[in-house]
Amino acid sequence: ANTSWVLSSFGGQPLLPGRPPTISFGVGNHVDGFSGCNTFWGNYSTFGQEGLAMSVGTRSMMACEEDVAAQETQYLNALQSVGSFAIDGNNLILRDSGGVETLRFIRQ
């Protein structure tokens, strides 16, 4: 809780230049961030040593360029499919339920 991160890697794919997605984990299992065009809010829960689940329930609805909207959808879908996390120095690594790295962030 009380950490903020900026996306640095998207499952090995390059990020669009400009407005990188972010995520902040707050107290009370609240999560929010910027998905490249819109802001989002939701909840997270941890379990075990590295288990993590997220639910993005609300987001703003700004119109975006097509490529930005596609990356935003991919980012939000990746957050919803998170199964575990690891912190390595200033990096937050999120993996899907199969253990495949989907998102990598740098601490803000």
# chains A, B, ... in the order shown; residues from 1 in each chain; ligands from 1
call {"tool": "residues_around", "arguments": {"residues": "segment 85-98 of chain A", "least_positions_apart": "2", "cutoff": "12 Å", "atoms": "only C-alpha atoms", "output": "PyMOL selection string"}}
result
chain A and resi 3-11+22-25+44-54+75+77-83+100-108
call {"tool": "closest_atom_pairs", "arguments": {"of": "segment 30-105 of chain A", "to": "segment 13-19 of chain A", "cutoff": "10 Å", "atoms": "only C-alpha atoms", "output": "JSON lines"}}
result
{"residue": "A:Phe34", "atom": "CA", "partner": "A:Arg19", "partner_atom": "CA", "distance": 8.7}
{"residue": "A:Ser35", "atom": "CA", "partner": "A:Arg19", "partner_atom": "CA", "distance": 8.6}
{"residue": "A:Gly36", "atom": "CA", "partner": "A:Arg19", "partner_atom": "CA", "distance": 5.5}
{"residue": "A:Cys37", "atom": "CA", "partner": "A:Arg19", "partner_atom": "CA", "distance": 7.6}
{"residue": "A:Asp67", "atom": "CA", "partner": "A:Leu16", "partner_atom": "CA", "distance": 8.2}
{"residue": "A:Val68", "atom": "CA", "partner": "A:Leu16", "partner_atom": "CA", "distance": 7.4}
{"residue": "A:Gln71", "atom": "CA", "partner": "A:Leu16", "partner_atom": "CA", "distance": 7.9}
{"residue": "A:Thr102", "atom": "CA", "partner": "A:Gln13", "partner_atom": "CA", "distance": 9.6}
{"residue": "A:Leu103", "atom": "CA", "partner": "A:Gln13", "partner_atom": "CA", "distance": 9.8}
call {"tool": "select_by_dssp", "arguments": {"residues": "chain A", "states": "alpha helix (DSSP H)", "output": "list of chain:residue names"}}
result
A:Glu66, A:Asp67, A:Val68, A:Ala69, A:Ala70, A:Gln71, A:Glu72, A:Thr73, A:Gln74, A:Tyr75, A:Leu76, A:Asn77, A:Ala78, A:Leu79, A:Gln80
call {"tool": "select_by_dssp", "arguments": {"residues": "segment 8-103 of chain A", "states": "strand (DSSP E or B)", "output": "ChimeraX atom specification"}}
result
/A:8-10,13,22-25,30-34,39-47,51-59,82-88,91-96,101-103
call {"tool": "residues_around", "arguments": {"residues": "Ala1 of chain A", "least_positions_apart": "4", "cutoff": "10 Å", "atoms": "only C-alpha atoms", "output": "PDB file with N, CA and C atoms, in the first residue's frame"}}
result
ATOM      1  N   SER A  24      -1.302   3.103  -8.750  1.00  0.00           N
ATOM      2  CA  SER A  24      -1.029   3.409  -7.343  1.00  0.00           C
ATOM      3  C   SER A  24      -1.859   2.478  -6.479  1.00  0.00           C
ATOM      4  N   PHE A  25      -1.197   1.895  -5.494  1.00  0.00           N
ATOM      5  CA  PHE A  25      -1.868   1.026  -4.534  1.00  0.00           C
ATOM      6  C   PHE A  25      -2.071   1.815  -3.253  1.00  0.00           C
ATOM      7  N   GLY A  26      -3.309   1.986  -2.853  1.00  0.00           N
ATOM      8  CA  GLY A  26      -3.619   2.760  -1.662  1.00  0.00           C
ATOM      9  C   GLY A  26      -4.018   1.883  -0.491  1.00  0.00           C
ATOM     10  N   VAL A  27      -4.244   2.536   0.636  1.00  0.00           N
ATOM     11  CA  VAL A  27      -4.725   1.822   1.813  1.00  0.00           C
ATOM     12  C   VAL A  27      -6.154   1.360   1.561  1.00  0.00           C
ATOM     13  N   GLY A  28      -6.575   0.366   2.295  1.00  0.00           N
ATOM     14  CA  GLY A  28      -7.925  -0.153   2.127  1.00  0.00           C
ATOM     15  C   GLY A  28      -8.124  -0.912   0.832  1.00  0.00           C
ATOM     16  N   ASN A  29      -7.025  -1.423   0.269  1.00  0.00           N
ATOM     17  CA  ASN A  29      -7.063  -2.217  -0.963  1.00  0.00           C
ATOM     18  C   ASN A  29      -7.622  -1.462  -2.158  1.00  0.00           C
ATOM     19  N   HIS A  30      -7.399  -0.152  -2.189  1.00  0.00           N
ATOM     20  CA  HIS A  30      -7.837   0.691  -3.298  1.00  0.00           C
ATOM     21  C   HIS A  30      -6.696   0.829  -4.299  1.00  0.00           C
ATOM     22  N   VAL A  31      -7.018   0.725  -5.589  1.00  0.00           N
ATOM     23  CA  VAL A  31      -6.038   0.904  -6.654  1.00  0.00           C
ATOM     24  C   VAL A  31      -6.583   1.946  -7.626  1.00  0.00           C
TER      25      VAL A  31
END
call {"tool": "closest_residue", "arguments": {"among": "A:Asn2, A:Thr39, A:Pro20, A:Val56", "to": "Leu76 of chain A", "atoms": "only C-alpha atoms"}}
result
A:Val56
call {"tool": "closest_residue", "arguments": {"among": "A:Gly12, A:Phe40, A:Asp32, A:Glu72", "to": "Thr58 of chain A", "atoms": "only C-alpha atoms"}}
result
A:Phe40
call {"tool": "atom_distance", "arguments": {"atom1": "atom CA of Pro21 of chain A", "atom2": "atom CA of Met62 of chain A"}}
result
14.7 Å
